[in-house]
Amino acid sequence: MKEEKLEKVILRLREGDSNALSEIYEITSRGVFTFVLPILHDYQLAEDVMQQTFVTCYENIQSYQPGTNARNWLLTIAKNMALTEIKKRKREISYDFDQDNHPDGVYYLGNIDSPTIALANKVLAEDEFNIVIMYAVGEYKHHEIAEFLHML
């Protein structure tokens, strides 16, 4: 299982094996990116937050409690970083939410109503919100979501 592998790799990082960070990145980067993209509505910013999530993971690995859900721990870091980034950039950047595609051809979330996402985040439990975003926005298949969120 990926969750067991992720737990083992996180514990290796916690024990000082800095090479384990690249494995954590390989296992979770796609999911972390898909998770923060609908929050940020900006492809490049989501990439930056995703990268910073792994730096923060490395810097704060000792705060991880072994045996808890490693993926949720990482997604919590990502969510907090994304929300902090929104607050920080709110006055600096105006987003063009009418744009449908990123210059690199990657789907851009400009046509998704951010109040809807905010409402979903408010009324749904965190796991439910993650599932909705990963399915509707990230276009994950049901079994991929179940595996990613360790719900098999």
# chains A, B, ... in the order shown; residues from 1 in each chain; ligands from 1
>>> residues_around(residues="Leu45 (chain A)", least_positions_apart="3", cutoff="10 Å", atoms="only C-alpha atoms", output="PyMOL selection string")
chain A and resi 33+36-37+40-42+48-51+82+85-86
>>> select_by_dssp(residues="chain A", states="helix (DSSP H, G or I)", output="number ranges by chain")
A: 2-14, 20-40, 43-59, 61-63, 70-89, 109-111, 114-123, 126-136, 142-148
>>> residues_around(residues="region 125-130 of chain A", least_positions_apart="4", cutoff="8 Å", atoms="only C-alpha atoms", output="VMD selection string")
chain A and resid 35 120 to 121 134 149
>>> closest_residue(among="A:Ser63, A:Gln52, A:Gln44, A:Ser29", to="Arg14 (chain A)", atoms="only C-alpha atoms")
A:Ser63
>>> residues_around(residues="region 65-71 of chain A", least_positions_apart="5", cutoff="8 Å", atoms="only C-alpha atoms", output="JSON list (two decimals) with N, CA and C atoms, in the first residue's frame")
[["chain", "number", "residue", "atom", "x", "y", "z"],
["A", 3, "GLU", "N", 0.11, 4.07, 1.45],
["A", 3, "GLU", "CA", 0.11, 4.72, 2.76],
["A", 3, "GLU", "C", 1.20, 4.14, 3.66],
["A", 6, "LEU", "N", 4.46, 5.42, 2.35],
["A", 6, "LEU", "CA", 4.64, 6.82, 2.72],
["A", 6, "LEU", "C", 5.03, 6.94, 4.19],
["A", 7, "GLU", "N", 4.37, 6.19, 5.04],
["A", 7, "GLU", "CA", 4.70, 6.22, 6.47],
["A", 7, "GLU", "C", 6.16, 5.83, 6.69],
["A", 10, "ILE", "N", 8.45, 8.63, 5.43],
["A", 10, "ILE", "CA", 8.41, 9.79, 6.34],
["A", 10, "ILE", "C", 9.23, 9.49, 7.60],
["A", 11, "LEU", "N", 9.12, 8.28, 8.09],
["A", 11, "LEU", "CA", 9.90, 7.92, 9.28],
["A", 11, "LEU", "C", 11.40, 7.92, 8.97],
["A", 28, "THR", "N", 3.68, 11.91, -3.41],
["A", 28, "THR", "CA", 2.60, 12.83, -3.05],
["A", 28, "THR", "C", 2.50, 14.12, -3.85],
["A", 148, "PHE", "N", -5.32, 7.57, -2.50],
["A", 148, "PHE", "CA", -4.57, 8.75, -2.08],
["A", 148, "PHE", "C", -4.96, 9.16, -0.66],
["A", 149, "LEU", "N", -6.22, 9.10, -0.35],
["A", 149, "LEU", "CA", -6.69, 9.51, 0.97],
["A", 149, "LEU", "C", -6.81, 8.35, 1.96]]
>>> atom_distance(atom1="CA of Ile117 (chain A)", atom2="CA of Glu147 (chain A)")
23.1 Å
>>> atom_distance(atom1="CA of Thr76 (chain A)", atom2="CA of Ile61 (chain A)")
13.2 Å
>>> closest_residue(among="A:Leu21, A:Leu119, A:Pro38, A:Glu26", to="Cys57 (chain A)", atoms="only C-alpha atoms")
A:Leu21
>>> decode(residues="region 63-78 of chain A", atoms="all heavy atoms", output="mmCIF file, in the first residue's frame")
data_model
loop_
_atom_site.group_PDB
_atom_site.id
_atom_site.type_symbol
_atom_site.label_atom_id
_atom_site.label_comp_id
_atom_site.auth_asym_id
_atom_site.auth_seq_id
_atom_site.Cartn_x
_atom_site.Cartn_y
_atom_site.Cartn_z
ATOM 1 N N SER A 63 7.893 17.229 13.929
ATOM 2 C CA SER A 63 6.556 17.436 14.483
ATOM 3 C C SER A 63 5.575 16.348 14.022
ATOM 4 O O SER A 63 4.472 16.254 14.564
ATOM 5 C CB SER A 63 6.015 18.819 14.105
ATOM 6 O OG SER A 63 5.709 18.880 12.726
ATOM 7 N N TYR A 64 5.974 15.549 13.045
ATOM 8 C CA TYR A 64 5.107 14.455 12.599
ATOM 9 C C TYR A 64 5.053 13.379 13.677
ATOM 10 O O TYR A 64 6.084 12.943 14.182
ATOM 11 C CB TYR A 64 5.602 13.853 11.277
ATOM 12 C CG TYR A 64 4.797 12.634 10.894
ATOM 13 C CD1 TYR A 64 3.486 12.767 10.461
ATOM 14 C CD2 TYR A 64 5.325 11.359 11.015
ATOM 15 C CE1 TYR A 64 2.720 11.661 10.148
ATOM 16 C CE2 TYR A 64 4.574 10.245 10.702
ATOM 17 C CZ TYR A 64 3.272 10.398 10.265
ATOM 18 O OH TYR A 64 2.514 9.302 9.966
ATOM 19 N N GLN A 65 3.849 12.973 14.017
ATOM 20 C CA GLN A 65 3.649 11.927 15.011
ATOM 21 C C GLN A 65 3.531 10.580 14.303
ATOM 22 O O GLN A 65 2.562 10.365 13.564
ATOM 23 C CB GLN A 65 2.382 12.193 15.833
ATOM 24 C CG GLN A 65 2.437 13.467 16.637
ATOM 25 C CD GLN A 65 3.548 13.448 17.672
ATOM 26 O OE1 GLN A 65 3.752 12.474 18.369
ATOM 27 N NE2 GLN A 65 4.293 14.540 17.747
ATOM 28 N N PRO A 66 4.493 9.688 14.475
ATOM 29 C CA PRO A 66 4.444 8.380 13.811
ATOM 30 C C PRO A 66 3.128 7.654 14.105
ATOM 31 O O PRO A 66 2.591 7.728 15.212
ATOM 32 C CB PRO A 66 5.623 7.632 14.426
ATOM 33 C CG PRO A 66 6.559 8.711 14.838
ATOM 34 C CD PRO A 66 5.691 9.842 15.290
ATOM 35 N N GLY A 67 2.611 7.013 13.059
ATOM 36 C CA GLY A 67 1.377 6.259 13.202
ATOM 37 C C GLY A 67 0.126 7.048 12.866
ATOM 38 O O GLY A 67 -0.951 6.494 12.746
ATOM 39 N N THR A 68 0.255 8.377 12.729
ATOM 40 C CA THR A 68 -0.891 9.173 12.302
ATOM 41 C C THR A 68 -0.921 9.165 10.782
ATOM 42 O O THR A 68 -0.049 8.595 10.143
ATOM 43 C CB THR A 68 -0.801 10.612 12.845
ATOM 44 O OG1 THR A 68 0.388 11.224 12.344
ATOM 45 C CG2 THR A 68 -0.807 10.628 14.362
ATOM 46 N N ASN A 69 -1.875 9.803 10.184
ATOM 47 C CA ASN A 69 -2.005 9.802 8.730
ATOM 48 C C ASN A 69 -0.997 10.770 8.119
ATOM 49 O O ASN A 69 -1.186 11.988 8.167
ATOM 50 C CB ASN A 69 -3.436 10.170 8.339
ATOM 51 C CG ASN A 69 -3.700 9.978 6.875
ATOM 52 O OD1 ASN A 69 -2.845 10.205 6.027
ATOM 53 N ND2 ASN A 69 -4.910 9.548 6.573
ATOM 54 N N ALA A 70 0.057 10.235 7.517
ATOM 55 C CA ALA A 70 1.133 11.042 6.952
ATOM 56 C C ALA A 70 0.626 11.927 5.822
ATOM 57 O O ALA A 70 1.021 13.088 5.705
ATOM 58 C CB ALA A 70 2.260 10.138 6.459
ATOM 59 N N ARG A 71 -0.252 11.405 4.996
ATOM 60 C CA ARG A 71 -0.762 12.173 3.862
ATOM 61 C C ARG A 71 -1.593 13.363 4.354
ATOM 62 O O ARG A 71 -1.455 14.469 3.856
ATOM 63 C CB ARG A 71 -1.596 11.286 2.943
ATOM 64 C CG ARG A 71 -1.912 11.940 1.608
ATOM 65 C CD ARG A 71 -2.513 10.973 0.631
ATOM 66 N NE ARG A 71 -1.810 9.722 0.485
ATOM 67 C CZ ARG A 71 -0.799 9.517 -0.362
ATOM 68 N NH1 ARG A 71 -0.379 10.492 -1.119
ATOM 69 N NH2 ARG A 71 -0.220 8.333 -0.451
ATOM 70 N N ASN A 72 -2.425 13.146 5.350
ATOM 71 C CA ASN A 72 -3.208 14.257 5.898
ATOM 72 C C ASN A 72 -2.306 15.305 6.540
ATOM 73 O O ASN A 72 -2.582 16.496 6.459
ATOM 74 C CB ASN A 72 -4.246 13.757 6.899
ATOM 75 C CG ASN A 72 -5.463 13.180 6.221
ATOM 76 O OD1 ASN A 72 -5.628 13.285 5.009
ATOM 77 N ND2 ASN A 72 -6.318 12.551 6.993
ATOM 78 N N TRP A 73 -1.246 14.866 7.186
ATOM 79 C CA TRP A 73 -0.282 15.792 7.786
ATOM 80 C C TRP A 73 0.315 16.684 6.698
ATOM 81 O O TRP A 73 0.368 17.904 6.835
ATOM 82 C CB TRP A 73 0.809 15.010 8.517
ATOM 83 C CG TRP A 73 1.877 15.854 9.157
ATOM 84 C CD1 TRP A 73 1.768 16.603 10.290
ATOM 85 C CD2 TRP A 73 3.217 16.034 8.688
ATOM 86 N NE1 TRP A 73 2.963 17.235 10.557
ATOM 87 C CE2 TRP A 73 3.871 16.892 9.596
ATOM 88 C CE3 TRP A 73 3.923 15.531 7.610
ATOM 89 C CZ2 TRP A 73 5.196 17.270 9.438
ATOM 90 C CZ3 TRP A 73 5.255 15.905 7.455
ATOM 91 C CH2 TRP A 73 5.874 16.769 8.366
ATOM 92 N N LEU A 74 0.704 16.070 5.591
ATOM 93 C CA LEU A 74 1.286 16.819 4.482
ATOM 94 C C LEU A 74 0.260 17.753 3.834
ATOM 95 O O LEU A 74 0.566 18.906 3.522
ATOM 96 C CB LEU A 74 1.843 15.836 3.447
ATOM 97 C CG LEU A 74 2.820 16.366 2.429
ATOM 98 C CD1 LEU A 74 4.042 16.967 3.106
ATOM 99 C CD2 LEU A 74 3.244 15.239 1.501
ATOM 100 N N LEU A 75 -0.973 17.277 3.666
ATOM 101 C CA LEU A 75 -2.018 18.114 3.070
ATOM 102 C C LEU A 75 -2.403 19.280 3.985
ATOM 103 O O LEU A 75 -2.761 20.352 3.500
ATOM 104 C CB LEU A 75 -3.250 17.278 2.729
ATOM 105 C CG LEU A 75 -3.080 16.306 1.562
ATOM 106 C CD1 LEU A 75 -4.338 15.465 1.378
ATOM 107 C CD2 LEU A 75 -2.710 17.012 0.279
ATOM 108 N N THR A 76 -2.306 19.081 5.274
ATOM 109 C CA THR A 76 -2.570 20.170 6.215
ATOM 110 C C THR A 76 -1.513 21.259 6.067
ATOM 111 O O THR A 76 -1.836 22.454 6.064
ATOM 112 C CB THR A 76 -2.611 19.648 7.664
ATOM 113 O OG1 THR A 76 -3.674 18.691 7.767
ATOM 114 C CG2 THR A 76 -2.840 20.765 8.661
ATOM 115 N N ILE A 77 -0.266 20.849 5.905
ATOM 116 C CA ILE A 77 0.805 21.817 5.654
ATOM 117 C C ILE A 77 0.499 22.584 4.368
ATOM 118 O O ILE A 77 0.573 23.814 4.330
ATOM 119 C CB ILE A 77 2.182 21.114 5.547
ATOM 120 C CG1 ILE A 77 2.607 20.544 6.898
ATOM 121 C CG2 ILE A 77 3.244 22.085 5.015
ATOM 122 C CD1 ILE A 77 3.839 19.661 6.841
ATOM 123 N N ALA A 78 0.140 21.846 3.323
ATOM 124 C CA ALA A 78 -0.140 22.466 2.023
ATOM 125 C C ALA A 78 -1.308 23.452 2.116
ATOM 126 O O ALA A 78 -1.244 24.566 1.579
ATOM 127 C CB ALA A 78 -0.431 21.392 0.976
#
